[in-house]
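K.L.:
Dropping in start_10.pdb, which is PDB, C-alpha atoms and all ligand atoms:
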ATOM      1  CA  MET I  58     147.463  80.753 118.415
ATOM      2  CA  SER I  59     147.383  77.942 120.978
ATOM      3  CA  ASP I  60     146.476  74.394 119.957
ATOM      4  CA  LYS I  61     143.954  74.410 122.802
ATOM      5  CA  LYS I  62     142.095  77.411 121.393
ATOM      6  CA  ILE I  63     141.997  75.915 117.898
ATOM      7  CA  SER I  64     140.720  72.575 119.202
ATOM      8  CA  GLU I  65     138.039  74.357 121.265
ATOM      9  CA  VAL I  66     136.887  76.286 118.216
ATOM     10  CA  ARG I  67     136.833  73.054 116.188
ATOM     11  CA  ARG I  68     134.676  71.417 118.856
ATOM     12  CA  GLU I  69     132.258  74.344 118.726
ATOM     13  CA  LEU I  70     132.169  74.067 114.938
ATOM     14  CA  ASP I  71     131.280  70.372 115.218
ATOM     15  CA  GLN I  72     128.480  71.245 117.644
ATOM     16  CA  LEU I  73     127.150  73.860 115.203
ATOM     17  CA  ALA I  74     127.348  71.366 112.324
ATOM     18  CA  ALA I  75     125.299  68.813 114.280
ATOM     19  CA  ARG I  76     122.443  71.280 114.839
ATOM     20  CA  PRO I  77     119.541  71.065 112.352
ATOM     21  CA  GLN I  78     119.432  74.444 110.577
ATOM     22  CA  SER I  79     119.496  76.037 107.139
ATOM     23  CA  SER I  80     122.840  76.467 105.382
ATOM     24  CA  GLU I  81     122.368  80.251 105.662
ATOM     25  CA  ASP I  82     122.000  80.026 109.459
ATOM     26  CA  PHE I  83     124.965  77.631 109.656
ATOM     27  CA  MET I  84     127.175  80.032 107.688
ATOM     28  CA  ALA I  85     126.036  82.994 109.835
ATOM     29  CA  ALA I  86     126.930  81.011 112.983
ATOM     30  CA  ILE I  87     130.383  80.117 111.586
ATOM     31  CA  VAL I  88     131.300  83.718 110.763
ATOM     32  CA  LYS I  89     130.169  84.826 114.233
ATOM     33  CA  LEU I  90     132.158  82.081 115.958
ATOM     34  CA  LEU I  91     135.352  82.781 113.999
ATOM     35  CA  HIS I  92     135.049  86.558 114.352
ATOM     36  CA  ASP I  93     134.334  86.362 118.109
ATOM     37  CA  ARG I  94     136.948  83.751 119.015
ATOM     38  CA  MET I  95     139.843  84.225 116.602
ATOM     39  CA  LEU I  96     141.177  87.633 117.579
ATOM     40  CA  ARG I  97     143.163  88.256 114.415
ATOM     41  CA  TYR I  98     140.230  87.419 112.132
ATOM     42  CA  ASN I  99     138.989  90.986 111.753
ATOM     43  CA  TRP I 100     136.624  90.469 108.825
ATOM     44  CA  VAL I 101     135.023  87.079 108.174
ATOM     45  CA  GLY I 102     132.530  86.436 105.405
ATOM     46  CA  PHE I 103     131.159  84.083 102.793
ATOM     47  CA  TYR I 104     130.903  84.830  99.102
ATOM     48  CA  MET I 105     128.665  82.465  97.155
ATOM     49  CA  LEU I 106     128.533  82.025  93.385
ATOM     50  CA  GLU I 107     125.234  83.346  92.109
ATOM     51  CA  PRO I 108     123.377  80.468  90.492
ATOM     52  CA  ASP I 109     122.955  80.939  86.743
ATOM     53  CA  ALA I 110     124.790  84.306  86.601
ATOM     54  CA  ASN I 111     126.562  84.765  83.292
ATOM     55  CA  PRO I 112     129.380  85.784  83.560
ATOM     56  CA  PRO I 113     129.746  84.147  86.997
ATOM     57  CA  VAL I 114     129.836  86.426  90.025
ATOM     58  CA  LEU I 115     130.485  85.956  93.748
ATOM     59  CA  ALA I 116     127.853  87.589  95.959
ATOM     60  CA  LEU I 117     128.465  88.556  99.591
ATOM     61  CA  GLY I 118     126.640  86.314 102.067
ATOM     62  CA  ALA I 119     126.872  86.163 105.855
ATOM     63  CA  PHE I 120     129.696  88.274 107.238
ATOM     64  CA  GLN I 121     131.031  89.878 110.430
ATOM     65  CA  GLY I 122     133.085  93.074 110.364
ATOM     66  CA  ALA I 123     132.732  96.373 108.555
ATOM     67  CA  MET I 124     130.564  96.528 105.429
ATOM     68  CA  THR I 125     132.724  95.978 102.341
ATOM     69  CA  PRO I 126     132.488  97.962  99.091
ATOM     70  CA  HIS I 127     132.856  94.600  97.294
ATOM     71  CA  ALA I 128     129.432  92.985  97.617
ATOM     72  CA  ARG I 129     129.735  91.341  94.163
ATOM     73  CA  ILE I 130     133.053  90.115  92.749
ATOM     74  CA  PRO I 131     133.512  88.735  89.211
ATOM     75  CA  LEU I 132     135.772  85.668  88.939
ATOM     76  CA  ASN I 133     138.486  87.630  87.148
ATOM     77  CA  GLN I 134     138.848  90.118  90.025
ATOM     78  CA  GLY I 135     140.393  90.084  93.471
ATOM     79  CA  ILE I 136     141.907  87.375  95.592
ATOM     80  CA  CYS I 137     138.337  86.131  95.982
ATOM     81  CA  GLY I 138     137.925  85.740  92.232
ATOM     82  CA  ALA I 139     141.317  83.976  92.003
ATOM     83  CA  ALA I 140     140.537  81.409  94.730
ATOM     84  CA  ALA I 141     137.150  80.575  93.194
ATOM     85  CA  SER I 142     138.647  80.310  89.679
ATOM     86  CA  ILE I 143     141.471  77.953  90.614
ATOM     87  CA  GLY I 144     139.488  76.067  93.291
ATOM     88  CA  LYS I 145     142.353  76.330  95.775
ATOM     89  CA  THR I 146     143.073  78.130  99.027
ATOM     90  CA  VAL I 147     144.883  81.450  98.551
ATOM     91  CA  VAL I 148     146.866  82.936 101.468
ATOM     92  CA  VAL I 149     148.291  86.439 101.077
ATOM     93  CA  ASP I 150     150.697  87.465 103.843
ATOM     94  CA  ASP I 151     151.016  91.082 102.643
ATOM     95  CA  VAL I 152     148.115  92.396 100.586
ATOM     96  CA  THR I 153     150.147  95.414  99.413
ATOM     97  CA  GLN I 154     152.354  93.006  97.451
ATOM     98  CA  ASP I 155     149.511  91.255  95.595
ATOM     99  CA  SER I 156     148.253  93.037  92.489
ATOM    100  CA  ARG I 157     145.012  91.020  92.547
ATOM    101  CA  TYR I 158     143.970  92.448  95.927
ATOM    102  CA  LEU I 159     140.717  94.443  96.127
ATOM    103  CA  ALA I 160     140.791  96.655  99.233
ATOM    104  CA  CYS I 161     137.981  96.153 101.676
ATOM    105  CA  SER I 162     139.468  98.087 104.597
ATOM    106  CA  ILE I 163     142.559 100.273 104.784
ATOM    107  CA  GLU I 164     143.541  98.297 107.909
ATOM    108  CA  THR I 165     143.721  94.904 106.188
ATOM    109  CA  LYS I 166     147.262  93.494 106.015
ATOM    110  CA  SER I 167     146.745  89.801 105.188
ATOM    111  CA  GLU I 168     143.981  87.592 103.820
ATOM    112  CA  ILE I 169     142.946  83.962 103.332
ATOM    113  CA  VAL I 170     140.294  82.730 100.896
ATOM    114  CA  VAL I 171     139.168  79.075 100.901
ATOM    115  CA  PRO I 172     136.822  77.664  98.249
ATOM    116  CA  ILE I 173     133.691  75.663  99.150
ATOM    117  CA  PHE I 174     132.783  72.650  97.034
ATOM    118  CA  ASN I 175     129.408  71.017  96.468
ATOM    119  CA  GLY I 176     129.274  67.985  94.177
ATOM    120  CA  GLY I 177     132.903  68.575  93.139
ATOM    121  CA  LYS I 178     132.236  72.144  91.962
ATOM    122  CA  VAL I 179     133.177  75.454  93.560
ATOM    123  CA  VAL I 180     129.981  77.064  94.878
ATOM    124  CA  GLY I 181     131.460  79.778  97.070
ATOM    125  CA  GLU I 182     134.239  80.596  99.485
ATOM    126  CA  LEU I 183     135.127  81.703 102.982
ATOM    127  CA  ASP I 184     137.139  84.936 103.057
ATOM    128  CA  ILE I 185     139.004  86.243 106.119
ATOM    129  CA  ASP I 186     140.946  89.498 106.448
ATOM    130  CA  SER I 187     143.338  90.413 109.243
ATOM    131  CA  HIS I 188     144.743  93.723 110.464
ATOM    132  CA  PHE I 189     147.976  91.792 111.154
ATOM    133  CA  PRO I 190     150.548  90.847 108.493
ATOM    134  CA  ALA I 191     150.935  87.098 107.826
ATOM    135  CA  ALA I 192     148.122  86.281 110.275
ATOM    136  CA  PHE I 193     147.273  82.923 108.686
ATOM    137  CA  SER I 194     149.628  80.132 109.718
ATOM    138  CA  GLY I 195     149.335  76.494 108.693
ATOM    139  CA  GLU I 196     146.967  75.750 111.567
ATOM    140  CA  ASP I 197     144.765  78.736 110.691
ATOM    141  CA  ARG I 198     144.632  77.462 107.141
ATOM    142  CA  GLU I 199     143.581  74.016 108.397
ATOM    143  CA  LEU I 200     140.875  75.578 110.562
ATOM    144  CA  VAL I 201     139.455  77.725 107.747
ATOM    145  CA  GLU I 202     139.598  74.786 105.319
ATOM    146  CA  TYR I 203     137.757  72.696 107.919
ATOM    147  CA  CYS I 204     134.999  75.363 108.093
ATOM    148  CA  ALA I 205     134.705  75.409 104.294
ATOM    149  CA  SER I 206     134.465  71.609 104.167
ATOM    150  CA  LEU I 207     131.725  71.610 106.832
ATOM    151  CA  VAL I 208     129.720  74.106 104.765
ATOM    152  CA  GLY I 209     130.236  72.013 101.613
ATOM    153  CA  ARG I 210     128.961  68.929 103.438
ATOM    154  CA  HIS I 211     125.998  70.877 104.804
ATOM    155  CA  LEU I 212     125.054  72.116 101.322
ATOM    156  CA  GLU I 213     125.354  68.580  99.919
ATOM    157  CA  LYS I 214     123.135  67.223 102.693
ATOM    158  CA  VAL I 215     120.328  69.746 102.192
ATOM    159  CA  ARG I 216     120.387  69.495  98.397
ATOM    160  CA  THR I 217     120.223  65.707  98.122
TER     161      THR I 217
HETATM  162  N1  LIG T   1     140.038  91.504  99.424
HETATM  163  C1  LIG T   1     139.097  90.746  98.641
HETATM  164  C2  LIG T   1     137.798  91.496  98.473
HETATM  165  C3  LIG T   1     136.791  91.204  99.516
HETATM  166  S1  LIG T   1     137.025  92.071 100.946
HETATM  167  O1  LIG T   1     138.285  91.626 101.509
HETATM  168  C4  LIG T   1     135.868  91.721 102.071
HETATM  169  C5  LIG T   1     139.735  90.413  97.293
HETATM  170  O2  LIG T   1     140.821  90.860  96.987
HETATM  171  O3  LIG T   1     139.093  89.679  96.524
END
Translate the structure of the given file into structure tokens.
P.N.:
Amino acid sequence: MSDKKISEVRRELDQLAARPQSSEDFMAAIVKLLHDRMLRYNWVGFYMLEPDANPPVLALGAFQGAMTPHARIPLNQGICGAAASIGKTVVVDDVTQDSRYLACSIETKSEIVVPIFNGGKVVGELDIDSHFPAAFSGEDRELVEYCASLVGRHLEKVRT
């Protein structure tokens, strides 16, 4: 992935973030941008923690790519559940080697999940699957973490 492409996508993200819109519309625009522009990002979606659910569960939000069988994921399941539980980015270069992995598509080879924080608490995450092994380099990780931080800031802005 060229630095130029990443910096262009970042600029487009900043333009999206500056536009007045609901957090739902902002998240839908982010998944579309990443899915359209980042050719190895074959499935891009948000999972958000359902408010007041007990036990806690992640519910599928805006996404681009094939419909997943995992529309709701408890925190003790999947790479998604792991990233939300520990509040840290999880990168899996080869999903066949990770026993936590919940299959979404038979074509998926690698995955990144980045938590989203609002008021210091995990409120959701951005999940990306790739048909290519080890698709998420350090600069991809920075880009996806940047997207998650923009969403966190957006949520904080609309809720204060
Ligand atoms: N692979 C994820 C499940 C979600 S799908 O990838 C869209 C996981 O292991 O949690």
K.L.:
Measuring between only C-alpha atoms and all ligand atoms, which one of I:Lys214, I:Arg67, I:His127, I:Lys166 shows the shortest distance to ligand LIG 1 (chain T)?
P.N.:
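The closest residue to ligand LIG 1 (chain T) is I:His127.
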K.L.:
Please give the centre and size of the box around range 92-107 of chain I (axis-aligned, containing every atom listed in the file, 4 Å added per side), with values in Å to one decimal and written as lines of an AutoDock Vina configuration file.
P.N.:
center_x = 134.2
center_y = 86.5
center_z = 105.6
size_x = 25.9
size_y = 17.0
size_z = 34.9
K.L.:
Give the answer as one residue: which of I:Ala75, I:Ile63, I:Leu90, I:Ile185 has the shortest atom-to-atom distance to ligand LIG 1 (chain T), using all atoms listed in the file?
P.N.:
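The shortest atom-to-atom distance to ligand LIG 1 (chain T) comes from I:Ile185.
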K.L.:
Produce a table with one row for each residue of chain I that has an atom at most 8 Å from any atom of ligand LIG 1 (chain T), each row naming the nearest atom pair and its distance in Å at one decimal; use only C-alpha atoms and all ligand atoms; arrange rows by chain and rising residue number; format as a tab-separated table.
P.N.:
residue	atom	partner	partner_atom	distance
I:Trp100	CA	T:LIG1	C4	6.9
I:Val101	CA	T:LIG1	C4	7.7
I:Gly102	CA	T:LIG1	C4	7.1
I:Met124	CA	T:LIG1	C4	7.9
I:Thr125	CA	T:LIG1	C4	5.3
I:Pro126	CA	T:LIG1	S1	7.7
I:His127	CA	T:LIG1	C3	5.7
I:Ala128	CA	T:LIG1	C3	7.8
I:Ile130	CA	T:LIG1	O3	7.1
I:Gln134	CA	T:LIG1	O3	6.5
I:Gly135	CA	T:LIG1	O3	3.3
I:Ile136	CA	T:LIG1	O3	3.8
I:Cys137	CA	T:LIG1	O3	3.7
I:Gly138	CA	T:LIG1	O3	5.9
I:Ala139	CA	T:LIG1	O3	7.6
I:Arg157	CA	T:LIG1	O2	6.1
I:Tyr158	CA	T:LIG1	O2	3.7
I:Leu159	CA	T:LIG1	O2	3.7
I:Ala160	CA	T:LIG1	N1	5.2
I:Cys161	CA	T:LIG1	S1	4.3
I:Ser162	CA	T:LIG1	O1	7.3
I:Thr165	CA	T:LIG1	O1	7.9
I:Glu168	CA	T:LIG1	N1	7.1
I:Asp184	CA	T:LIG1	O1	7.0
I:Ile185	CA	T:LIG1	O1	7.1
I:Asp186	CA	T:LIG1	O1	6.0
K.L.:
Go ahead and dump the residues you just picked, C-alpha atoms, as a compact mmCIF listing (two decimals), in the coordinates of the input.
P.N.:
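The resulting file, selection21.txt, is shown below:
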# COMPACT_ATOMS: atom_id res chain seq x y z
CA TRP I 100 136.62 90.47 108.82
CA VAL I 101 135.02 87.08 108.17
CA GLY I 102 132.53 86.44 105.40
CA MET I 124 130.56 96.53 105.43
CA THR I 125 132.72 95.98 102.34
CA PRO I 126 132.49 97.96 99.09
CA HIS I 127 132.86 94.60 97.29
CA ALA I 128 129.43 92.98 97.62
CA ILE I 130 133.05 90.12 92.75
CA GLN I 134 138.85 90.12 90.02
CA GLY I 135 140.39 90.08 93.47
CA ILE I 136 141.91 87.38 95.59
CA CYS I 137 138.34 86.13 95.98
CA GLY I 138 137.93 85.74 92.23
CA ALA I 139 141.32 83.98 92.00
CA ARG I 157 145.01 91.02 92.55
CA TYR I 158 143.97 92.45 95.93
CA LEU I 159 140.72 94.44 96.13
CA ALA I 160 140.79 96.66 99.23
CA CYS I 161 137.98 96.15 101.68
CA SER I 162 139.47 98.09 104.60
CA THR I 165 143.72 94.90 106.19
CA GLU I 168 143.98 87.59 103.82
CA ASP I 184 137.14 84.94 103.06
CA ILE I 185 139.00 86.24 106.12
CA ASP I 186 140.95 89.50 106.45
K.L.:
Nearest residue to Gly195 in chain I out of I:Val88, I:Ile169, I:Val114, I:Met105, using all atoms listed in the file?
P.N.:
I:Ile169
